[in-house]
$ cat entry_38.cif   # mmCIF, C-alpha atoms
data_final
loop_
_atom_site.label_atom_id
_atom_site.label_comp_id
_atom_site.auth_asym_id
_atom_site.auth_seq_id
_atom_site.Cartn_x
_atom_site.Cartn_y
_atom_site.Cartn_z
CA MET L 3 4.82 -29.20 2.36
CA LYS L 4 5.75 -26.03 0.45
CA ILE L 5 3.21 -23.20 0.65
CA SER L 6 2.24 -21.77 -2.75
CA LEU L 7 0.07 -18.65 -2.93
CA ASN L 8 -1.48 -17.03 -5.97
CA ARG L 9 -2.22 -13.35 -6.49
CA ILE L 10 -5.78 -13.49 -5.17
CA GLN L 11 -4.73 -15.33 -2.01
CA ILE L 12 -1.96 -12.83 -1.27
CA LYS L 13 -4.37 -9.94 -1.83
CA TYR L 14 -6.77 -11.40 0.74
CA ILE L 15 -3.91 -11.74 3.20
CA ALA L 16 -3.01 -8.09 2.54
CA ILE L 17 -6.62 -7.00 3.09
CA ILE L 18 -6.80 -8.80 6.42
CA ALA L 19 -3.49 -7.20 7.42
CA MET L 20 -4.89 -3.78 6.45
CA LEU L 21 -7.98 -4.31 8.59
CA VAL L 22 -5.82 -5.30 11.57
CA ASP L 23 -3.69 -2.19 11.01
CA HIS L 24 -6.64 0.20 10.78
CA VAL L 25 -8.31 -1.26 13.87
CA ALA L 26 -5.05 -0.71 15.73
CA TRP L 27 -4.74 2.93 14.61
CA LEU L 28 -8.17 3.69 16.00
CA PHE L 29 -8.44 1.53 19.10
CA VAL L 30 -4.98 0.36 20.23
CA SER L 31 -2.07 2.50 21.39
CA LEU L 32 0.95 2.38 19.11
CA TYR L 33 3.08 2.42 22.26
CA SER L 34 1.86 -0.94 23.49
CA PRO L 35 2.89 -4.51 22.62
CA ALA L 36 -0.50 -5.19 21.02
CA GLY L 37 -0.26 -2.01 18.93
CA GLN L 38 3.24 -2.88 17.75
CA ILE L 39 2.21 -6.41 16.74
CA MET L 40 -0.94 -5.26 14.92
CA HIS L 41 0.91 -2.56 13.02
CA PHE L 42 3.72 -5.00 12.21
CA ILE L 43 1.11 -7.18 10.51
CA GLY L 44 -0.37 -4.14 8.79
CA ARG L 45 2.96 -3.18 7.19
CA LEU L 46 2.42 -6.05 4.77
CA THR L 47 -0.38 -4.31 2.89
CA GLY L 48 1.01 -1.14 1.30
CA PRO L 49 4.12 -2.64 -0.35
CA THR L 50 2.15 -5.72 -1.46
CA MET L 51 -0.51 -3.67 -3.21
CA ALA L 52 2.20 -1.51 -4.84
CA VAL L 53 3.88 -4.64 -6.22
CA PHE L 54 0.54 -5.77 -7.62
CA ILE L 55 0.08 -2.44 -9.39
CA ALA L 56 3.13 -3.34 -11.48
CA GLU L 57 1.67 -6.79 -12.12
CA GLY L 58 -1.75 -5.35 -12.90
CA TYR L 59 -0.21 -3.01 -15.47
CA ARG L 60 1.61 -5.94 -17.07
CA TYR L 61 -1.38 -8.29 -17.26
CA THR L 62 -4.43 -6.06 -17.65
CA ARG L 63 -6.26 -6.27 -20.97
CA ASN L 64 -7.02 -2.54 -20.97
CA VAL L 65 -4.68 -0.24 -19.07
CA ASN L 66 -6.91 2.78 -19.66
CA LYS L 67 -9.86 1.08 -17.96
CA TYR L 68 -7.54 -0.02 -15.16
CA THR L 69 -6.41 3.57 -14.67
CA ILE L 70 -9.97 4.93 -14.70
CA ARG L 71 -11.09 2.28 -12.22
CA LEU L 72 -8.34 3.25 -9.80
CA ALA L 73 -9.17 6.94 -10.24
CA VAL L 74 -12.87 6.38 -9.54
CA PHE L 75 -12.23 4.35 -6.39
CA ALA L 76 -9.55 6.77 -5.22
CA LEU L 77 -12.23 9.48 -5.35
CA ILE L 78 -14.83 7.27 -3.65
CA SER L 79 -12.36 6.31 -0.92
CA TRP L 80 -11.26 9.87 -0.21
CA PRO L 81 -14.04 10.87 2.24
CA CYS L 82 -13.96 7.41 3.84
CA PHE L 83 -10.21 7.61 4.52
CA SER L 84 -10.46 11.19 5.74
CA LEU L 85 -13.31 10.44 8.11
CA MET L 86 -11.61 7.36 9.53
CA ASP L 87 -8.24 9.06 9.96
CA TYR L 88 -9.24 12.62 10.87
CA GLY L 89 -12.96 12.59 11.67
CA ARG L 90 -13.59 15.12 8.90
CA ILE L 91 -13.02 15.58 5.17
CA VAL L 92 -9.47 16.75 4.49
CA PRO L 93 -7.26 16.58 1.35
CA HIS L 94 -5.81 13.16 2.23
CA PHE L 95 -6.89 10.55 -0.27
CA GLY L 96 -5.75 7.15 0.99
CA MET L 97 -3.87 4.21 -0.49
CA ILE L 98 -5.76 3.83 -3.78
CA PHE L 99 -4.75 7.39 -4.66
CA THR L 100 -1.09 6.47 -4.19
CA LEU L 101 -1.58 3.30 -6.24
CA LEU L 102 -3.14 5.40 -9.01
CA LEU L 103 -0.10 7.68 -9.00
CA ALA L 104 2.18 4.62 -9.08
CA LEU L 105 0.35 3.33 -12.15
CA LEU L 106 0.68 6.73 -13.83
CA CYS L 107 4.42 6.70 -13.06
CA ILE L 108 4.77 3.29 -14.70
CA ARG L 109 2.83 4.43 -17.75
CA LEU L 110 4.98 7.55 -17.96
CA TRP L 111 8.15 5.47 -17.68
CA ASP L 112 7.04 3.30 -20.60
CA SER L 113 6.06 6.26 -22.76
CA ASP L 114 8.13 7.52 -25.69
CA ILE L 115 8.75 11.00 -24.33
CA ASN L 116 12.15 12.46 -23.42
CA LEU L 117 13.85 10.83 -20.40
CA GLY L 118 14.25 14.14 -18.60
CA VAL L 119 10.52 14.86 -18.97
CA LYS L 120 9.74 11.35 -17.75
CA LEU L 121 11.82 11.78 -14.61
CA ALA L 122 10.36 15.22 -13.92
CA GLY L 123 6.84 13.84 -14.32
CA ILE L 124 7.55 10.89 -12.03
CA ALA L 125 9.03 13.24 -9.43
CA LEU L 126 5.90 15.41 -9.58
CA LEU L 127 3.61 12.39 -9.19
CA ALA L 128 5.73 11.21 -6.25
CA LEU L 129 5.30 14.62 -4.61
CA LEU L 130 1.54 14.35 -5.10
CA SER L 131 1.62 11.07 -3.17
CA GLU L 132 2.05 13.23 -0.05
CA TYR L 133 -1.75 13.49 -0.24
CA GLY L 134 -2.13 9.71 -0.17
CA ASP L 135 -1.23 6.84 2.11
CA TRP L 136 2.25 5.27 1.88
CA PRO L 137 3.61 8.38 0.10
CA TYR L 138 6.81 7.92 -1.92
CA TYR L 139 7.22 4.31 -0.77
CA GLY L 140 4.18 3.14 -2.72
CA ILE L 141 5.62 4.76 -5.84
CA ALA L 142 9.09 3.29 -5.23
CA TYR L 143 7.87 -0.27 -4.66
CA ALA L 144 5.73 -0.21 -7.79
CA MET L 145 8.44 1.32 -9.99
CA ILE L 146 11.08 -1.15 -8.79
CA SER L 147 8.70 -4.04 -9.43
CA HIS L 148 8.06 -2.80 -12.94
CA ILE L 149 11.53 -1.75 -14.10
CA TRP L 150 13.30 -4.84 -12.75
CA TYR L 151 10.40 -7.24 -13.23
CA ASP L 152 12.52 -9.84 -15.06
CA ASP L 153 15.57 -9.41 -12.85
CA LYS L 154 14.27 -10.89 -9.61
CA SER L 155 17.56 -10.60 -7.73
CA THR L 156 17.91 -6.87 -8.36
CA ARG L 157 14.18 -6.32 -7.96
CA TRP L 158 13.91 -7.77 -4.46
CA THR L 159 17.28 -6.43 -3.33
CA LEU L 160 16.16 -2.89 -4.19
CA HIS L 161 12.75 -3.54 -2.65
CA THR L 162 14.45 -4.59 0.60
CA CYS L 163 16.73 -1.53 0.50
CA VAL L 164 13.68 0.75 0.30
CA ALA L 165 12.07 -1.18 3.17
CA VAL L 166 15.18 -0.78 5.35
CA LEU L 167 15.27 2.94 4.53
CA ASP L 168 11.64 3.17 5.60
CA VAL L 169 12.42 1.60 8.99
CA VAL L 170 15.51 3.74 9.59
CA LEU L 171 13.75 7.01 8.70
CA LEU L 172 10.80 6.20 10.95
CA ALA L 173 13.16 5.41 13.84
CA LEU L 174 14.84 8.79 13.30
CA GLU L 175 11.43 10.45 13.19
CA MET L 176 10.53 8.81 16.50
CA MET L 177 13.73 10.18 18.03
CA ALA L 178 12.95 13.65 16.68
CA MET L 179 9.56 13.40 18.41
CA GLY L 180 11.26 12.54 21.68
CA ARG L 181 10.25 8.88 21.50
CA ALA L 182 12.53 5.88 21.83
CA PRO L 183 13.50 4.53 18.38
CA TYR L 184 12.36 1.02 19.33
CA TRP L 185 8.76 2.20 18.96
CA ALA L 186 9.45 2.07 15.22
CA LEU L 187 9.95 -1.70 15.43
CA PHE L 188 6.50 -2.30 13.97
CA GLU L 189 7.72 -0.82 10.68
CA THR L 190 10.03 -3.81 10.23
CA GLY L 191 6.91 -5.58 9.00
CA VAL L 192 7.72 -4.14 5.56
CA LEU L 193 10.62 -6.58 5.46
CA MET L 194 8.12 -9.46 5.25
CA VAL L 195 7.03 -8.52 1.74
CA ALA L 196 10.08 -9.53 -0.31
CA PRO L 197 10.41 -13.01 1.29
CA MET L 198 6.68 -13.58 0.82
CA PHE L 199 6.93 -12.92 -2.91
CA VAL L 200 10.23 -14.77 -3.36
CA TYR L 201 9.32 -17.93 -1.44
CA LEU L 202 5.51 -18.14 -1.44
CA TYR L 203 4.15 -16.41 -4.54
CA ASN L 204 3.66 -18.79 -7.46
CA GLY L 205 3.09 -16.05 -10.05
CA LYS L 206 -0.43 -17.26 -10.86
CA SER L 207 -3.48 -15.04 -10.81
CA GLY L 208 -5.86 -17.44 -9.08
CA SER L 209 -9.61 -17.36 -9.62
CA LYS L 210 -10.76 -14.90 -12.28
CA HIS L 211 -14.27 -14.58 -10.84
CA PRO L 212 -15.31 -10.89 -10.93
CA PHE L 213 -16.22 -11.06 -7.24
CA HIS L 214 -12.57 -11.02 -6.22
CA LYS L 215 -11.66 -7.98 -8.31
CA TRP L 216 -14.60 -5.90 -7.11
CA PHE L 217 -14.34 -7.07 -3.51
CA PHE L 218 -10.93 -5.46 -3.16
CA TYR L 219 -12.18 -2.13 -4.48
CA VAL L 220 -15.39 -2.08 -2.43
CA PHE L 221 -13.93 -3.37 0.83
CA TYR L 222 -11.40 -0.54 1.07
CA PRO L 223 -13.81 2.40 1.43
CA LEU L 224 -16.52 0.32 3.11
CA HIS L 225 -14.42 -0.96 6.00
CA MET L 226 -13.15 2.58 6.69
CA LEU L 227 -16.71 3.89 6.90
CA VAL L 228 -17.60 1.12 9.34
CA LEU L 229 -14.56 1.85 11.50
CA TRP L 230 -15.31 5.59 11.42
CA TYR L 231 -18.87 4.91 12.61
CA ILE L 232 -17.69 2.59 15.39
CA ASN L 233 -15.06 5.08 16.51
CA TYR L 234 -17.26 8.15 16.63
CA PHE L 235 -20.82 6.94 17.15
CA SER L 236 -20.77 3.62 18.97
CA PRO L 237 -20.04 2.74 22.62
CA LEU L 238 -16.88 0.94 21.45
CA GLY L 239 -15.36 4.16 20.14
CA LYS L 240 -14.21 7.40 21.71
#
$ encode --input "entry_38.cif" --output "structure tokens"
Amino acid sequence: MKISLNRIQIKYIAIIAMLVDHVAWLFVSLYSPAGQIMHFIGRLTGPTMAVFIAEGYRYTRNVNKYTIRLAVFALISWPCFSLMDYGRIVPHFGMIFTLLLALLCIRLWDSDINLGVKLAGIALLALLSEYGDWPYYGIAYAMISHIWYDDKSTRWTLHTCVAVLDVVLLALEMMAMGRAPYWALFETGVLMVAPMFVYLYNGKSGSKHPFHKWFFYVFYPLHMLVLWYINYFSPLGK
């Protein structure tokens, strides 16, 4: 029987993958089989959410409200991401910040301003993603999904090219750190995203109950606060 997943179902899968990934970063060594497997699963989340930014832009009834909502939750998530990742508040804003920048890039691309100004603005927003999670890649996945939305062959070919580049660059980074490049194997999880959308995604939104929309926004900062508490203040942590 063919599996058919709607947008809500894929988002829940991505959220579970994110939780597995974050648990691994805090409690499981990257240089272990368990760490590699957990992070492989976690690579599903960032590119998936970036793809859905392009879809959200296309289907939202009010893009300004969508942008404001992302901005508000990027701000709310900032201390939660910082505490989980660093144990203190630092200028690192998490994935929703990168998704916000990706949405702004799409809006800029569709604007009527001069092409050179567009490209300069998109480049600047991409640079700002250094302060978020999945920098540059989150922007690239979202832009590809938007620009080539109706050309599925080109869209997913380019998406896969970016994913392969991601894996290769991380392997080179591992080598520069004196680590064996095979410790970057977990990053190959990004290659799961294109086949998932091509073969499993049915293009439908799924349930429109408000619970689902708000759950995604609330779960992101909340689960990071819980993990931060467990890591720093409970017997299970450090």
$ closest_atom_pairs --input "entry_38.cif" --of "segment 23-72 of chain L" --to "segment 173-192 of chain L" --cutoff "6 Å" --atoms "all atoms listed in the file" --output "Markdown table"
| residue | atom | partner | partner_atom | distance |
| --- | --- | --- | --- | --- |
| L:Gln38 | CA | L:Phe188 | CA | 5.0 |
| L:His41 | CA | L:Phe188 | CA | 5.7 |
| L:Phe42 | CA | L:Phe188 | CA | 4.3 |
| L:Arg45 | CA | L:Gly191 | CA | 5.0 |
| L:Leu46 | CA | L:Val192 | CA | 5.7 |
$ resolve_selection --input "entry_38.cif" --expression "the PyMOL selection byres ((chain L and resi 131) around 10)" --output "list in words"
His94, Phe95, Gly96, Met97, Phe99, Thr100, Leu101, Leu102, Leu103, Ala104, Ala125, Leu126, Leu127, Ala128, Leu129, Leu130, Glu132, Tyr133, Gly134, Asp135, Trp136, Pro137, Tyr138, Tyr139, Gly140 and Ile141 of chain L
$ resolve_selection --input "entry_38.cif" --expression "the PyMOL selection byres ((chain L and resi 197-208) around 12)" --output "PyMOL selection string"
chain L and resi 3-16+46-47+49-51+53-54+57-58+61-62+147+151+154-155+157-159+161-162+191-196+209-212+214-215
$ write_last_selection --input "entry_38.cif" --atoms "C-alpha atoms" --output "short mmCIF file (atom, residue, chain, number, x, y, z; two decimals), in the coordinates of the input"
data_model
loop_
_atom_site.label_atom_id
_atom_site.label_comp_id
_atom_site.auth_asym_id
_atom_site.auth_seq_id
_atom_site.Cartn_x
_atom_site.Cartn_y
_atom_site.Cartn_z
CA MET L 3 4.82 -29.20 2.36
CA LYS L 4 5.75 -26.03 0.45
CA ILE L 5 3.21 -23.20 0.65
CA SER L 6 2.24 -21.77 -2.75
CA LEU L 7 0.07 -18.65 -2.93
CA ASN L 8 -1.48 -17.03 -5.97
CA ARG L 9 -2.22 -13.35 -6.49
CA ILE L 10 -5.78 -13.49 -5.17
CA GLN L 11 -4.73 -15.33 -2.01
CA ILE L 12 -1.96 -12.83 -1.27
CA LYS L 13 -4.37 -9.94 -1.83
CA TYR L 14 -6.77 -11.40 0.74
CA ILE L 15 -3.91 -11.74 3.20
CA ALA L 16 -3.01 -8.09 2.54
CA LEU L 46 2.42 -6.05 4.77
CA THR L 47 -0.38 -4.31 2.89
CA PRO L 49 4.12 -2.64 -0.35
CA THR L 50 2.15 -5.72 -1.46
CA MET L 51 -0.51 -3.67 -3.21
CA VAL L 53 3.88 -4.64 -6.22
CA PHE L 54 0.54 -5.77 -7.62
CA GLU L 57 1.67 -6.79 -12.12
CA GLY L 58 -1.75 -5.35 -12.90
CA TYR L 61 -1.38 -8.29 -17.26
CA THR L 62 -4.43 -6.06 -17.65
CA SER L 147 8.70 -4.04 -9.43
CA TYR L 151 10.40 -7.24 -13.23
CA LYS L 154 14.27 -10.89 -9.61
CA SER L 155 17.56 -10.60 -7.73
CA ARG L 157 14.18 -6.32 -7.96
CA TRP L 158 13.91 -7.77 -4.46
CA THR L 159 17.28 -6.43 -3.33
CA HIS L 161 12.75 -3.54 -2.65
CA THR L 162 14.45 -4.59 0.60
CA GLY L 191 6.91 -5.58 9.00
CA VAL L 192 7.72 -4.14 5.56
CA LEU L 193 10.62 -6.58 5.46
CA MET L 194 8.12 -9.46 5.25
CA VAL L 195 7.03 -8.52 1.74
CA ALA L 196 10.08 -9.53 -0.31
CA SER L 209 -9.61 -17.36 -9.62
CA LYS L 210 -10.76 -14.90 -12.28
CA HIS L 211 -14.27 -14.58 -10.84
CA PRO L 212 -15.31 -10.89 -10.93
CA HIS L 214 -12.57 -11.02 -6.22
CA LYS L 215 -11.66 -7.98 -8.31
#
$ atom_distance --input "entry_38.cif" --atom1 "atom CA of Trp27 of chain L" --atom2 "atom CA of Val220 of chain L"
20.7 Å
$ resolve_selection --input "entry_38.cif" --expression "the PyMOL selection byres ((chain L and resi 233-238) around 10)" --output "list in words"
Val25, Leu28, Phe29, Leu85, Met86, Gly89, Leu227, Val228, Leu229, Trp230, Tyr231, Ile232, Gly239 and Lys240 of chain L
$ closest_residue --input "entry_38.cif" --among "L:Val22, L:Met40, L:Val65, L:Ala73" --to "Tyr219 of chain L" --atoms "all atoms listed in the file"
L:Ala73
$ axis_aligned_box --input "entry_38.cif" --around "segment 92-98 of chain L" --padding-each-side "6 Å" --output "JSON"
{"center_x": -6.7, "center_y": 10.3, "center_z": 0.4, "size_x": 17.6, "size_y": 24.9, "size_z": 20.3}
$ atom_distance --input "entry_38.cif" --atom1 "atom CA of Asp23 of chain L" --atom2 "atom CA of Lys67 of chain L"
29.8 Å
$ residues_around --input "entry_38.cif" --residues "segment 105-118 of chain L" --least-positions-apart "4" --cutoff "8 Å" --atoms "all atoms listed in the file" --output "list in words"
Ile55, Ala56, Tyr59, Thr69, Leu101, Ala122, Gly123, Ile124, Leu127, Ile141, Ala144, Met145 and His148 of chain L
$ closest_residue --input "entry_38.cif" --among "L:Tyr222, L:Tyr88, L:Trp216, L:Tyr33" --to "Ala76 of chain L" --atoms "all atoms listed in the file"
L:Tyr222
